[in-house]
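Novice: So here's protein32.cif, just mmCIF, C-alpha atoms and all ligand atoms:
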```cif
data_input
#
loop_
_atom_site.label_atom_id
_atom_site.label_comp_id
_atom_site.auth_asym_id
_atom_site.auth_seq_id
_atom_site.Cartn_x
_atom_site.Cartn_y
_atom_site.Cartn_z
CA MET A 1 -97.79 -20.69 -60.09
CA SER A 2 -98.50 -17.83 -57.75
CA SER A 3 -96.83 -14.44 -58.31
CA THR A 4 -96.48 -13.85 -54.51
CA GLN A 5 -94.07 -16.83 -54.17
CA LYS A 6 -91.68 -16.09 -56.96
CA PRO A 7 -91.30 -12.76 -58.76
CA ASP A 8 -91.26 -12.80 -62.44
CA LEU A 9 -87.64 -11.79 -63.14
CA GLU A 10 -88.18 -11.35 -66.81
CA GLU A 11 -90.63 -8.55 -66.16
CA ASN A 12 -88.98 -6.87 -63.17
CA ILE A 13 -85.39 -6.45 -64.38
CA ASN A 14 -84.67 -3.31 -66.35
CA VAL A 15 -81.72 -4.40 -68.43
CA ALA A 16 -80.54 -0.89 -69.20
CA GLN A 17 -80.44 0.00 -65.49
CA ALA A 18 -78.61 -3.22 -64.62
CA HIS A 19 -75.92 -2.47 -67.19
CA GLU A 20 -75.53 1.01 -65.90
CA ARG A 21 -75.00 -0.30 -62.39
CA VAL A 22 -72.42 -2.82 -63.53
CA ASP A 23 -70.56 -0.06 -65.39
CA ARG A 24 -70.52 2.19 -62.30
CA GLU A 25 -69.15 -0.55 -60.09
CA LEU A 26 -66.44 -1.49 -62.56
CA ALA A 27 -65.40 2.17 -62.87
CA ALA A 28 -65.18 2.51 -59.05
CA ALA A 29 -63.12 -0.64 -58.78
CA ALA A 30 -60.75 0.62 -61.47
CA ARG A 31 -60.40 3.97 -59.68
CA GLU A 32 -59.49 2.25 -56.43
CA LYS A 33 -56.95 0.12 -58.19
CA ARG A 34 -55.33 3.22 -59.68
CA VAL A 35 -55.17 4.95 -56.31
CA ASP A 36 -53.63 1.86 -54.81
CA ASP A 37 -51.04 1.60 -57.59
CA GLN A 38 -49.94 5.21 -57.66
CA GLY A 39 -50.38 6.67 -54.15
CA ALA A 40 -49.53 3.96 -51.68
CA GLU A 41 -46.88 2.08 -53.55
CA PRO A 42 -43.64 1.56 -51.52
CA ILE A 43 -40.95 4.19 -52.08
CA THR A 44 -38.26 2.96 -54.43
CA LEU A 45 -34.99 2.02 -52.80
CA TRP A 46 -32.83 4.58 -54.58
CA VAL A 47 -35.07 7.46 -53.41
CA MET A 48 -34.62 6.26 -49.85
CA ALA A 49 -30.87 6.02 -50.31
CA VAL A 50 -30.64 9.57 -51.69
CA CYS A 51 -32.70 10.92 -48.81
CA GLY A 52 -30.41 9.13 -46.34
CA ILE A 53 -27.24 10.56 -47.91
CA VAL A 54 -28.70 14.07 -47.95
CA ALA A 55 -29.64 13.77 -44.27
CA VAL A 56 -26.15 12.61 -43.29
CA ILE A 57 -24.40 15.37 -45.24
CA ALA A 58 -26.79 18.09 -44.01
CA GLY A 59 -26.45 16.87 -40.45
CA GLY A 60 -22.69 16.92 -40.73
CA ILE A 61 -22.63 20.46 -42.04
CA LEU A 62 -25.06 21.73 -39.40
CA GLY A 63 -23.34 19.83 -36.63
CA ALA A 64 -19.75 20.73 -37.47
CA GLY A 65 -19.89 24.31 -38.67
CA GLY A 66 -23.53 25.21 -38.49
CA LYS A 67 -25.38 26.83 -35.68
CA LEU A 68 -28.01 24.22 -34.98
CA PHE A 69 -25.93 22.35 -32.41
CA ALA A 70 -23.62 25.19 -31.42
CA TYR A 71 -24.39 25.83 -27.74
CA GLY A 72 -22.34 29.02 -27.86
CA GLU A 73 -25.19 30.61 -29.74
CA THR A 74 -27.88 29.20 -27.50
CA PHE A 75 -26.18 30.11 -24.21
CA PRO A 76 -24.12 33.25 -23.67
CA GLU A 77 -20.41 32.73 -23.19
CA ASN A 78 -19.37 31.80 -19.65
CA TYR A 79 -22.97 31.14 -18.82
CA VAL A 80 -23.30 29.31 -15.52
CA ARG A 81 -26.59 27.77 -14.67
CA ALA A 82 -27.74 29.07 -11.32
CA SER A 83 -28.27 26.25 -8.88
CA ALA A 84 -31.68 26.04 -7.35
CA PRO A 85 -31.84 27.54 -3.87
CA GLY A 86 -31.31 25.01 -1.12
CA THR A 87 -29.45 22.49 -3.25
CA LYS A 88 -25.96 23.84 -2.55
CA ASP A 89 -24.16 21.60 -0.07
CA THR A 90 -23.14 23.88 2.73
CA GLY A 91 -22.37 21.04 5.10
CA PRO A 92 -23.79 20.70 8.58
CA LEU A 93 -25.28 23.77 10.17
CA PRO A 94 -22.87 25.64 12.45
CA LYS A 95 -23.52 25.46 16.17
CA PRO A 96 -22.24 27.44 19.15
CA ALA A 97 -18.94 25.89 20.24
CA ILE A 98 -20.20 24.92 23.67
CA ASP A 99 -23.19 23.01 22.26
CA ALA A 100 -21.12 21.26 19.60
CA LEU A 101 -18.37 20.25 22.06
CA ILE A 102 -20.87 19.03 24.63
CA ALA A 103 -22.65 16.95 22.01
CA LYS A 104 -19.34 15.45 20.93
CA GLY A 105 -18.20 14.91 24.52
CA GLN A 106 -21.39 13.15 25.53
CA LYS A 107 -20.63 10.40 23.02
CA VAL A 108 -17.00 10.13 24.13
CA TYR A 109 -18.02 9.97 27.79
CA SER A 110 -20.49 7.15 27.22
CA VAL A 111 -17.79 5.08 25.54
CA LYS A 112 -14.70 6.04 27.56
CA CYS A 113 -15.71 7.10 31.05
CA ASN A 114 -19.25 5.93 31.79
CA GLY A 115 -18.26 2.37 32.66
CA CYS A 116 -16.17 3.50 35.62
CA HIS A 117 -17.39 6.93 36.70
CA GLN A 118 -21.05 5.98 36.06
CA GLY A 119 -23.83 7.66 34.08
CA ASP A 120 -24.26 10.44 36.63
CA ALA A 121 -20.45 10.85 37.03
CA LYS A 122 -20.87 10.40 40.78
CA GLY A 123 -18.78 7.24 40.73
CA ASN A 124 -19.16 4.59 43.41
CA ASN A 125 -16.96 2.82 45.96
CA ASN A 126 -14.41 1.95 43.30
CA PHE A 127 -14.39 5.14 41.26
CA PRO A 128 -14.32 8.76 42.39
CA SER A 129 -17.02 11.28 41.57
CA LEU A 130 -16.30 13.84 38.88
CA VAL A 131 -19.01 16.17 40.16
CA GLY A 132 -17.57 19.27 41.76
CA SER A 133 -14.04 17.81 41.69
CA GLU A 134 -11.40 20.51 41.69
CA TRP A 135 -9.37 18.39 39.29
CA VAL A 136 -12.25 18.50 36.81
CA VAL A 137 -13.55 22.06 37.00
CA GLY A 138 -10.19 23.63 37.98
CA ASP A 139 -7.04 23.91 35.87
CA SER A 140 -7.71 22.44 32.42
CA GLU A 141 -4.14 21.17 31.93
CA ARG A 142 -4.37 19.03 35.08
CA PHE A 143 -7.69 17.52 33.97
CA ALA A 144 -6.27 16.77 30.52
CA MET A 145 -3.18 15.06 31.99
CA ILE A 146 -5.38 12.76 34.11
CA ILE A 147 -7.41 11.67 31.09
CA LEU A 148 -4.42 11.16 28.79
CA ASN A 149 -2.14 9.42 31.32
CA GLY A 150 -4.42 7.97 33.97
CA LEU A 151 -3.92 8.66 37.65
CA ALA A 152 -2.15 6.87 40.50
CA GLY A 153 -2.31 7.60 44.15
CA PRO A 154 -4.59 9.87 46.02
CA THR A 155 -7.31 11.75 44.18
CA SER A 156 -8.36 15.34 44.80
CA THR A 157 -10.24 14.27 47.92
CA GLY A 158 -7.18 12.44 49.30
CA LYS A 159 -8.80 9.08 48.80
CA SER A 160 -6.91 6.45 46.74
CA TYR A 161 -8.60 3.84 44.62
CA PRO A 162 -6.81 0.52 44.08
CA GLY A 163 -5.00 0.34 40.74
CA GLY A 164 -5.75 3.96 39.97
CA MET A 165 -7.14 5.07 36.64
CA PRO A 166 -5.70 3.75 33.38
CA ALA A 167 -4.64 6.17 30.61
CA GLN A 168 -7.45 6.79 28.11
CA LEU A 169 -5.78 5.96 24.84
CA GLY A 170 -6.84 6.75 21.29
CA LEU A 171 -8.56 10.07 21.95
CA SER A 172 -8.39 12.54 19.05
CA PRO A 173 -8.04 16.26 19.86
CA GLU A 174 -11.75 16.57 19.05
CA ASP A 175 -12.60 13.73 21.44
CA LEU A 176 -10.52 15.22 24.22
CA ALA A 177 -11.86 18.75 23.73
CA GLY A 178 -15.39 17.36 23.66
CA VAL A 179 -15.20 15.13 26.72
CA MET A 180 -13.45 17.80 28.81
CA THR A 181 -16.01 20.44 27.83
CA TYR A 182 -18.83 18.00 28.50
CA VAL A 183 -17.69 16.90 31.97
CA ARG A 184 -16.89 20.49 32.96
CA ASN A 185 -20.42 21.58 31.95
CA ASN A 186 -22.63 18.67 32.87
CA PHE A 187 -23.59 16.54 35.90
CA GLY A 188 -23.93 19.75 37.92
CA ASN A 189 -20.55 21.13 36.84
CA SER A 190 -20.79 24.43 35.00
CA THR A 191 -17.56 26.18 34.16
CA GLY A 192 -19.31 27.79 31.17
CA ASP A 193 -16.11 27.64 29.13
CA VAL A 194 -14.98 25.33 26.35
CA VAL A 195 -11.77 23.41 25.82
CA SER A 196 -11.01 24.13 22.17
CA VAL A 197 -9.61 21.57 19.75
CA ASN A 198 -6.46 23.67 19.58
CA MET A 199 -6.07 23.50 23.36
CA ALA A 200 -6.61 19.72 23.24
CA LYS A 201 -3.84 19.43 20.64
CA GLN A 202 -1.52 21.28 23.03
CA ALA A 203 -2.55 18.89 25.81
CA ILE A 204 -1.63 15.86 23.72
CA GLU A 205 1.71 17.50 22.94
CA ILE A 206 2.41 18.28 26.61
CA SER A 207 1.41 14.77 27.62
CA SER A 208 3.78 13.08 25.19
CA ASN A 209 6.61 15.32 26.38
CA ARG A 210 6.22 14.35 30.05
CA ALA A 211 9.37 13.05 31.70
CA MET A 212 7.25 10.20 33.03
CA ALA A 213 5.50 9.61 29.71
CA GLY A 214 3.69 6.28 29.64
CA LYS A 215 3.22 6.23 33.42
CA GLN A 216 0.13 7.41 35.30
CA VAL A 217 0.38 10.94 36.66
CA THR A 218 0.30 11.50 40.39
CA GLY A 219 -1.13 14.32 42.42
CA GLU A 220 2.43 15.43 43.09
CA GLU A 221 3.36 15.68 39.43
CA LEU A 222 0.09 17.44 38.65
CA ALA A 223 0.74 20.05 41.31
CA ALA A 224 4.33 20.54 40.21
CA ASN A 225 3.87 20.76 36.43
CA HIS A 226 0.24 20.96 35.40
CA ALA A 227 -1.60 23.20 37.85
CA LYS A 228 -2.51 25.66 35.09
CA ASN A 229 -4.80 26.16 32.18
CA LEU A 230 -3.91 24.70 28.81
CA PRO A 231 -2.03 26.92 26.37
CA GLY A 232 -3.35 27.20 22.81
CA ASP A 233 -6.17 29.26 21.39
CA PRO A 234 -9.12 29.53 23.75
CA MET A 235 -12.51 29.84 22.12
CA ASP A 236 -15.52 31.89 23.00
CA PRO A 237 -18.27 29.38 23.89
CA THR A 238 -20.68 31.17 21.55
CA THR A 239 -18.37 30.94 18.51
CA LEU A 240 -20.19 29.17 15.70
CA VAL A 241 -18.34 25.99 14.84
CA ASN A 242 -18.75 23.18 12.35
CA PRO A 243 -20.23 20.40 14.54
CA ILE A 244 -17.98 17.80 12.89
CA THR A 245 -14.59 19.52 12.90
CA LEU A 246 -15.45 21.67 15.95
CA GLU A 247 -13.45 24.44 14.30
CA PRO A 248 -14.94 27.89 13.63
CA ALA A 249 -17.48 27.58 10.83
CA GLU A 250 -15.80 30.20 8.58
CA ALA A 251 -12.49 28.30 8.66
CA ALA A 252 -14.23 25.11 7.64
CA ALA A 253 -15.52 26.62 4.41
CA PRO A 254 -13.58 25.46 1.34
C1 LIG B 301 -11.23 1.84 34.05
C2 LIG B 301 -11.95 2.76 34.88
C3 LIG B 301 -11.85 4.24 34.56
C4 LIG B 301 -12.08 4.84 33.38
C5 LIG B 301 -12.47 4.19 32.07
C6 LIG B 301 -11.93 6.25 33.61
N1 LIG B 301 -11.58 6.50 34.89
FE1 LIG B 301 -11.20 8.28 35.75
N2 LIG B 301 -10.69 7.40 37.43
C7 LIG B 301 -10.72 6.05 37.71
C8 LIG B 301 -10.19 5.77 39.00
C9 LIG B 301 -10.07 4.41 39.65
C10 LIG B 301 -9.80 7.00 39.53
C11 LIG B 301 -9.12 7.24 40.85
C12 LIG B 301 -7.60 7.03 40.62
C13 LIG B 301 -6.77 7.16 41.85
O1 LIG B 301 -7.18 6.68 42.88
O2 LIG B 301 -5.72 7.78 41.73
C14 LIG B 301 -10.14 7.99 38.53
C15 LIG B 301 -9.93 9.36 38.67
C16 LIG B 301 -10.32 10.32 37.79
C17 LIG B 301 -10.22 11.74 38.00
C18 LIG B 301 -9.68 12.41 39.24
C19 LIG B 301 -10.85 12.83 40.08
C20 LIG B 301 -10.43 13.53 41.32
O3 LIG B 301 -11.27 14.30 41.83
O4 LIG B 301 -9.31 13.33 41.78
C21 LIG B 301 -10.71 12.34 36.91
C22 LIG B 301 -10.82 13.84 36.66
C23 LIG B 301 -11.14 11.30 36.01
N3 LIG B 301 -10.88 10.09 36.59
C24 LIG B 301 -11.74 11.54 34.80
C25 LIG B 301 -12.02 10.51 33.88
C26 LIG B 301 -12.56 10.76 32.59
C27 LIG B 301 -12.97 12.11 32.02
C28 LIG B 301 -12.66 9.55 31.96
C29 LIG B 301 -13.10 9.26 30.55
C30 LIG B 301 -12.39 9.96 29.48
C31 LIG B 301 -12.21 8.57 32.91
N4 LIG B 301 -11.83 9.19 34.04
C32 LIG B 301 -12.16 7.22 32.64
C33 LIG B 301 -11.20 5.08 36.83
C34 LIG B 301 -11.52 5.29 35.50
#
```
Rewrite the structure of this file - the entire thing - as structure tokens.

Specialist:
Amino acid sequence: MSSTQKPDLEENINVAQAHERVDRELAAAAREKRVDDQGAEPITLWVMAVCGIVAVIAGGILGAGGKLFAYGETFPENYVRASAPGTKDTGPLPKPAIDALIAKGQKVYSVKCNGCHQGDAKGNNNFPSLVGSEWVVGDSERFAMIILNGLAGPTSTGKSYPGGMPAQLGLSPEDLAGVMTYVRNNFGNSTGDVVSVNMAKQAIEISSNRAMAGKQVTGEELAANHAKNLPGDPMDPTTLVNPITLEPAEAAAP
């Protein structure tokens, strides 16, 4: 038997050393077992319960009478958080009255007048031109009565159009003020003034009080009763107005 193939165990093992090693390993294993038993054992149920009760009671005391959740201590009395700049809703930006009324009137014109008087307001064979018409750029009450009641008979040029113009119903004071201001300051017309919402309200009032209410106005009636400017509060064209209400911007503030 060759010693290179199989070691002679009897001669190579030091029994004392082997015992020592076995002892060390057993001691280590016992140590680990102790650590496991004492350190990482689950917490007993009653300790958990006591901790829970203490937390609830302490939380109640702090929350109810204590200072932990009392915001009065954290924030001074009547403290109001400043809003970040630019987040306050100030509504639409004010515009000069003439710009705001023209913008409003442009929309009203395209819905209410464009179909007959045409996009350039020059009319055609069936509809008169509104450009340079004395009944447009002249007395504002006359112009308003034509829009609100329609017109029969000869126009400002003396020419009559069959059927005349029908009353333009459903116009709000804002609509009327806008469309009048627009037509008086567009298409080559340039009175440079505005018809205020207040003046338009007066116009609606005057119109409903006509003796011939419900019938088209005639040139005769216009000359007799409405050859004047509308009463009500006029407005400087540069006054800053709320573009929605068309009223002075200060008055629109809450
Ligand atoms: C359905 C067609 C029609 C619509 C819509 C209409 N008009 Fe007329 N308009 C006429 C006709 C037709 C006449 C001429 C009436 C006549 O011969 O008496 C006229 C006449 C006028 C006149 C008189 C012009 C002058 O010089 O005598 C004015 C001002 C006028 N319209 C403004 C308006 C405005 C502003 C609107 C829109 C708010 C409007 N009209 C909507 C058909 C219309």

Novice: Give, as AutoDock Vina command-line options, the centre coordinates and the x, y and z edge lengths in Å to one decimal for an axis-aligned box around all listed atoms of ligand LIG 301 (chain B), padded by 5 Å on each side.

Specialist:
```
--center_x -9.4 --center_y 8.1 --center_z 36.2 --size_x 17.4 --size_y 22.5 --size_z 23.4
```

Novice: Within 6 Å of ligand LIG 301 (chain B) (counting all atoms listed in the file), which residues show up? I'd like them as a list in words.

Specialist: Tyr109, Lys112, Cys113, Cys116, Phe127, Pro128, Leu130, Ser133, Trp135, Val136, Phe143, Ile147, Leu151, Ala152, Gly153, Pro154, Thr155, Ser156, Ser160, Tyr161, Gly164, Met165 and Pro166 of chain A

Novice: Pick the closest to A:Gly170 from A:Val22, A:Ala211, A:Val183, A:Val108: which is it, counting all atoms listed in the file?

Specialist: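 Looking at the shortest contact to A:Gly170, the residue is A:Val108.
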
Novice: State, in Å with one decimal place, the distance from atom CA of A:Ala167 to atom CA of A:Val241.

Specialist: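 So the two atoms, atom CA of A:Ala167 and atom CA of A:Val241, lie 28.8 Å apart.
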
Novice: Which residue is closest to A:Gly150? Choose from A:Ser172, A:Gln216, A:Gln202, A:Ser207 and count all atoms listed in the file.

Specialist: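 Among the listed residues, A:Gln216 lies closest to A:Gly150.
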
Novice: Do you have the atom CA of A:Gly91-atom CA of A:Ala203 distance handy?

Specialist: 28.7 Å

Novice: Quote the spacing between atom CA of A:Ala213 and atom CA of A:Leu101 in Å to one decimal place.

Specialist: 27.2 Å

Novice: Just the residues within 8 Å of A:Pro173, please, counting all atoms listed in the file, with nothing from its chain fewer than 4 positions along; format it as number ranges by chain.

Specialist: A: 177, 197-198, 200-201, 204

Novice: Closest to A:Gln106 among A:Gly60, A:Gly132, A:Gly232, A:Gly119, using all atoms listed in the file?

Specialist: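 Answer, going by the shortest atom-to-atom distance: A:Gly119.
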
Novice: Between A:Val111, A:Ala49, A:Val195, A:Met212, which is the closest to A:Asn229 once you count only C-alpha atoms?

Specialist: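 Closest to A:Asn229, using only C-alpha atoms: A:Val195.
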
Novice: So, with all atoms listed in the file as the atoms that count, which of A:Val194, A:Ala29, A:Met199, A:Ile146 lies closest to A:Ala223?

Specialist: A:Ile146

Novice: Can you tell me, as a ChimeraX atom specification, what residues are no more than 8 Å from A:Thr239 when counting all atoms listed in the file, ignoring any on the same chain fewer than 5 positions away?

Specialist: /A:95-97,248

Novice: Show me the residues close to (-17.2, 21.8, 15.5) - anything with an atom within 10 Å, counting only C-alpha atoms - and format the list as a PDB file with C-alpha atoms, in the frame of the given file.

Specialist:
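File produced: point_7.pdb:
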```pdb
ATOM      1  CA  PRO A  92     -23.790  20.700   8.580  1.00  0.00           C
ATOM      2  CA  LEU A  93     -25.280  23.770  10.170  1.00  0.00           C
ATOM      3  CA  PRO A  94     -22.870  25.640  12.450  1.00  0.00           C
ATOM      4  CA  LYS A  95     -23.520  25.460  16.170  1.00  0.00           C
ATOM      5  CA  PRO A  96     -22.240  27.440  19.150  1.00  0.00           C
ATOM      6  CA  ALA A  97     -18.940  25.890  20.240  1.00  0.00           C
ATOM      7  CA  ILE A  98     -20.200  24.920  23.670  1.00  0.00           C
ATOM      8  CA  ASP A  99     -23.190  23.010  22.260  1.00  0.00           C
ATOM      9  CA  ALA A 100     -21.120  21.260  19.600  1.00  0.00           C
ATOM     10  CA  LEU A 101     -18.370  20.250  22.060  1.00  0.00           C
ATOM     11  CA  ALA A 103     -22.650  16.950  22.010  1.00  0.00           C
ATOM     12  CA  LYS A 104     -19.340  15.450  20.930  1.00  0.00           C
ATOM     13  CA  GLU A 174     -11.750  16.570  19.050  1.00  0.00           C
ATOM     14  CA  GLY A 178     -15.390  17.360  23.660  1.00  0.00           C
ATOM     15  CA  SER A 196     -11.010  24.130  22.170  1.00  0.00           C
ATOM     16  CA  VAL A 197      -9.610  21.570  19.750  1.00  0.00           C
ATOM     17  CA  THR A 239     -18.370  30.940  18.510  1.00  0.00           C
ATOM     18  CA  LEU A 240     -20.190  29.170  15.700  1.00  0.00           C
ATOM     19  CA  VAL A 241     -18.340  25.990  14.840  1.00  0.00           C
ATOM     20  CA  ASN A 242     -18.750  23.180  12.350  1.00  0.00           C
ATOM     21  CA  PRO A 243     -20.230  20.400  14.540  1.00  0.00           C
ATOM     22  CA  ILE A 244     -17.980  17.800  12.890  1.00  0.00           C
ATOM     23  CA  THR A 245     -14.590  19.520  12.900  1.00  0.00           C
ATOM     24  CA  LEU A 246     -15.450  21.670  15.950  1.00  0.00           C
ATOM     25  CA  GLU A 247     -13.450  24.440  14.300  1.00  0.00           C
ATOM     26  CA  PRO A 248     -14.940  27.890  13.630  1.00  0.00           C
ATOM     27  CA  ALA A 249     -17.480  27.580  10.830  1.00  0.00           C
ATOM     28  CA  ALA A 252     -14.230  25.110   7.640  1.00  0.00           C
TER      29      ALA A 252
END
```
